[in-house]
Every structure is written in structure tokens, then in C-alpha cells.
Amino acid sequence: MLDGGENAMSATGAATEPEPVGPTAERPYMPGYGIAGPDEGGGLLPWSWAEERLRAARNFWVCTVRPDGRPHAMPVWGAWSGEALLFSSAVPSRKMVNLRANPQVVVTTEEAENPVVIEGRAEIVTAPHELQRFIDLVNSKYATRYRVDFLDPEVNATVAVRPQSVFGLRQGDFTGSPTRWSFTT
């Protein structure tokens, strides 16, 4: 058993990195929908299923709350970094005004048949290496040629949404695939 972040030992006695611990998966509470137990239907979806969709989605819906409590939704381009959903937006945009007042956010993939819904907290990213990472992901994904100066924090905010929980389900297995992944923060 590992504790305190110690490395495991391989059969040859060499130190190995501990296995990454993914989010906890469970069946979400969905009364009235006839949702099957976690071992019924298709069972709980693996986290890799959600990550594949987060990487492949072309557009994402960002849902924020206006300072007066009204909801706001807007599509954006985004990139999954393996830890967070990253997107950028003009500093004075409605979504950025909302996120500065209340960083709680919901981001969904555009595909309703196999949705992935992230509930998380938005953080403004300004570290040069993080901005470069986002530009590299965007340029690769969307076949663009943006330079990192496009993300000038005075003009375009770069946002990282780290999941607190994520929901997903597979088309064709509505009652047997719903899965909620919980992340420790």
C-alpha cells in the first residue's frame, strides 16, 4: 500500500510512479427516469469515455450566472488539457463579467446524444507556460496559427475550468449508462 506519495517498486526493484487516481464514478440520482443500478445496463462509463469526448468536441457551451441571477449560455472553442477545459474570451465579454462575479460554471459538449457536462470553478490563467499550452492545443485542434500574444491578459482572458463533477451518458443506453464522476479538490 502506498502512502504519502511514495513510489511503488517494480518486480526488478526499480522505483515506479504511482498509478494516477481518476475521479470516482457513480450512478447519478435521476428520479423518475428509470435509471438502472451501477452494474445494470451498460454499467458505469469509464472516465476515458468522457475524456475522449472532451478532446473531440469542437464547441462547448459555457453556462454562467449574471450578477442579477439570470442564466447566460454561450458557445466557445475549447480544449481539454487532461486536467481542465480551457477557453478564452474577451475580457469585457458577458461571460467574463459573470465569471469574475461568480466563478461557478457549467460547461457542456455540443453533442446532446453523448453529452459530457462539467460542473466546476473557473480560474483565470496568466502563467506564460499555461498560455502557450492552451495556444498549442487550440492550434493543433482547430488547425489555426494563433500566437501566444493573442492571449494578452489585458484583452483576452484565458480560463481553466477544473471539474468538481462531470456527468455523461451514452446514446442508446439512456437508463443504463448515466455516470457522474466526482473529483477531489
# chains A, B, ... in the order shown; residues from 1 in each chain; ligands from 1
call {"tool": "select_by_dssp", "arguments": {"residues": "chain A", "states": "strand (DSSP E or B)", "output": "PyMOL selection string"}}
result
chain A and resi 8-9+15-16+24-26+59-65+71-77+79-80+85-90+104-109+116-125+156-168+179-182
call {"tool": "select_by_dssp", "arguments": {"residues": "segment 50-145 of chain A", "states": "helix (DSSP H, G or I)", "output": "ChimeraX atom specification"}}
result
/A:50-56,94-101,128-142
call {"tool": "closest_residue", "arguments": {"among": "A:Val155, A:Ala50, A:Val107, A:Ala101", "to": "Thr126 of chain A", "atoms": "only C-alpha atoms"}}
result
A:Val155
call {"tool": "atom_distance", "arguments": {"atom1": "atom CA of Phe183 of chain A", "atom2": "atom CA of Ala57 of chain A"}}
result
21.3 Å
call {"tool": "residues_around", "arguments": {"residues": "His129 of chain A", "least_positions_apart": "5", "cutoff": "10 Å", "atoms": "only C-alpha atoms", "output": "list in words"}}
result
Phe134, Ile135 and Val148 of chain A
call {"tool": "write_last_selection", "arguments": {"atoms": "N, CA, C and O atoms", "output": "mmCIF file, in the first residue's frame"}}
result
data_model
loop_
_atom_site.group_PDB
_atom_site.id
_atom_site.type_symbol
_atom_site.label_atom_id
_atom_site.label_comp_id
_atom_site.auth_asym_id
_atom_site.auth_seq_id
_atom_site.Cartn_x
_atom_site.Cartn_y
_atom_site.Cartn_z
ATOM 1 N N PHE A 134 -2.187 26.250 -23.920
ATOM 2 C CA PHE A 134 -3.519 26.435 -24.499
ATOM 3 C C PHE A 134 -3.417 26.750 -25.998
ATOM 4 O O PHE A 134 -4.129 26.153 -26.803
ATOM 5 N N ILE A 135 -2.537 27.673 -26.370
ATOM 6 C CA ILE A 135 -2.373 28.009 -27.793
ATOM 7 C C ILE A 135 -1.964 26.773 -28.589
ATOM 8 O O ILE A 135 -2.485 26.526 -29.679
ATOM 9 N N VAL A 148 0.883 33.173 -29.074
ATOM 10 C CA VAL A 148 0.545 33.344 -27.666
ATOM 11 C C VAL A 148 0.167 34.790 -27.341
ATOM 12 O O VAL A 148 -0.613 35.031 -26.418
#
call {"tool": "residues_around", "arguments": {"residues": "Tyr142 of chain A", "least_positions_apart": "5", "cutoff": "10 Å", "atoms": "only C-alpha atoms", "output": "list in words"}}
result
Arg58, Trp77, Gly78, Ala79 and Leu137 of chain A
call {"tool": "closest_residue", "arguments": {"among": "A:Gly69, A:Gly82, A:Pro23, A:Gly34", "to": "Phe167 of chain A", "atoms": "only C-alpha atoms"}}
result
A:Pro23
call {"tool": "closest_residue", "arguments": {"among": "A:Pro71, A:Pro178, A:Pro31, A:Pro103", "to": "Val117 of chain A", "atoms": "only C-alpha atoms"}}
result
A:Pro178
call {"tool": "decode", "arguments": {"residues": "segment 34-45 of chain A", "atoms": "all heavy atoms", "output": "tab-separated table (two decimals), in the first residue's frame"}}
result
chain	number	residue	atom	x	y	z
A	34	GLY	N	-36.18	5.96	-14.52
A	34	GLY	CA	-35.98	4.53	-14.65
A	34	GLY	C	-34.52	4.14	-14.79
A	34	GLY	O	-34.21	3.15	-15.45
A	35	ILE	N	-33.65	4.90	-14.18
A	35	ILE	CA	-32.22	4.65	-14.31
A	35	ILE	C	-31.84	3.35	-13.60
A	35	ILE	O	-32.23	3.10	-12.47
A	35	ILE	CB	-31.41	5.84	-13.73
A	35	ILE	CG1	-31.78	7.14	-14.46
A	35	ILE	CG2	-29.91	5.57	-13.78
A	35	ILE	CD1	-31.56	7.12	-15.96
A	36	ALA	N	-31.07	2.51	-14.29
A	36	ALA	CA	-30.64	1.22	-13.77
A	36	ALA	C	-29.55	1.39	-12.72
A	36	ALA	O	-28.92	2.45	-12.63
A	36	ALA	CB	-30.11	0.36	-14.92
A	37	GLY	N	-29.32	0.36	-11.96
A	37	GLY	CA	-28.25	0.36	-10.97
A	37	GLY	C	-26.88	0.43	-11.65
A	37	GLY	O	-26.77	0.22	-12.86
A	38	PRO	N	-25.82	0.69	-10.89
A	38	PRO	CA	-24.49	0.87	-11.47
A	38	PRO	C	-23.94	-0.36	-12.18
A	38	PRO	O	-23.06	-0.23	-13.03
A	38	PRO	CB	-23.62	1.26	-10.28
A	38	PRO	CG	-24.38	0.86	-9.08
A	38	PRO	CD	-25.83	0.86	-9.45
A	39	ASP	N	-24.45	-1.54	-11.86
A	39	ASP	CA	-23.97	-2.76	-12.51
A	39	ASP	C	-24.95	-3.28	-13.55
A	39	ASP	O	-24.78	-4.37	-14.08
A	39	ASP	CB	-23.72	-3.86	-11.46
A	39	ASP	CG	-22.62	-3.45	-10.49
A	39	ASP	OD1	-21.65	-2.80	-10.93
A	39	ASP	OD2	-22.75	-3.77	-9.29
A	40	GLU	N	-25.99	-2.51	-13.84
A	40	GLU	CA	-27.01	-2.91	-14.82
A	40	GLU	C	-26.83	-2.10	-16.10
A	40	GLU	O	-26.10	-1.11	-16.12
A	40	GLU	CB	-28.40	-2.68	-14.23
A	40	GLU	CG	-28.65	-3.49	-12.95
A	40	GLU	CD	-29.97	-3.11	-12.30
A	40	GLU	OE1	-30.29	-1.91	-12.22
A	40	GLU	OE2	-30.67	-4.04	-11.88
A	41	GLY	N	-27.54	-2.52	-17.14
A	41	GLY	CA	-27.41	-1.84	-18.43
A	41	GLY	C	-25.96	-1.91	-18.88
A	41	GLY	O	-25.28	-2.91	-18.68
A	42	GLY	N	-25.48	-0.84	-19.43
A	42	GLY	CA	-24.09	-0.78	-19.86
A	42	GLY	C	-23.13	-0.60	-18.71
A	42	GLY	O	-21.92	-0.66	-18.90
A	43	GLY	N	-23.65	-0.34	-17.51
A	43	GLY	CA	-22.78	-0.09	-16.36
A	43	GLY	C	-22.23	1.31	-16.38
A	43	GLY	O	-22.52	2.12	-17.26
A	44	LEU	N	-21.42	1.61	-15.39
A	44	LEU	CA	-20.80	2.92	-15.30
A	44	LEU	C	-19.80	3.10	-16.44
A	44	LEU	O	-19.07	2.17	-16.79
A	44	LEU	CB	-20.09	3.09	-13.96
A	44	LEU	CG	-21.00	3.06	-12.73
A	44	LEU	CD1	-20.16	3.09	-11.45
A	44	LEU	CD2	-21.99	4.21	-12.75
A	45	LEU	N	-19.79	4.28	-17.02
A	45	LEU	CA	-18.86	4.58	-18.10
A	45	LEU	C	-17.47	4.83	-17.54
A	45	LEU	O	-17.33	5.40	-16.46
A	45	LEU	CB	-19.34	5.83	-18.86
A	45	LEU	CG	-20.69	5.72	-19.55
A	45	LEU	CD1	-21.17	7.08	-20.03
A	45	LEU	CD2	-20.60	4.74	-20.70
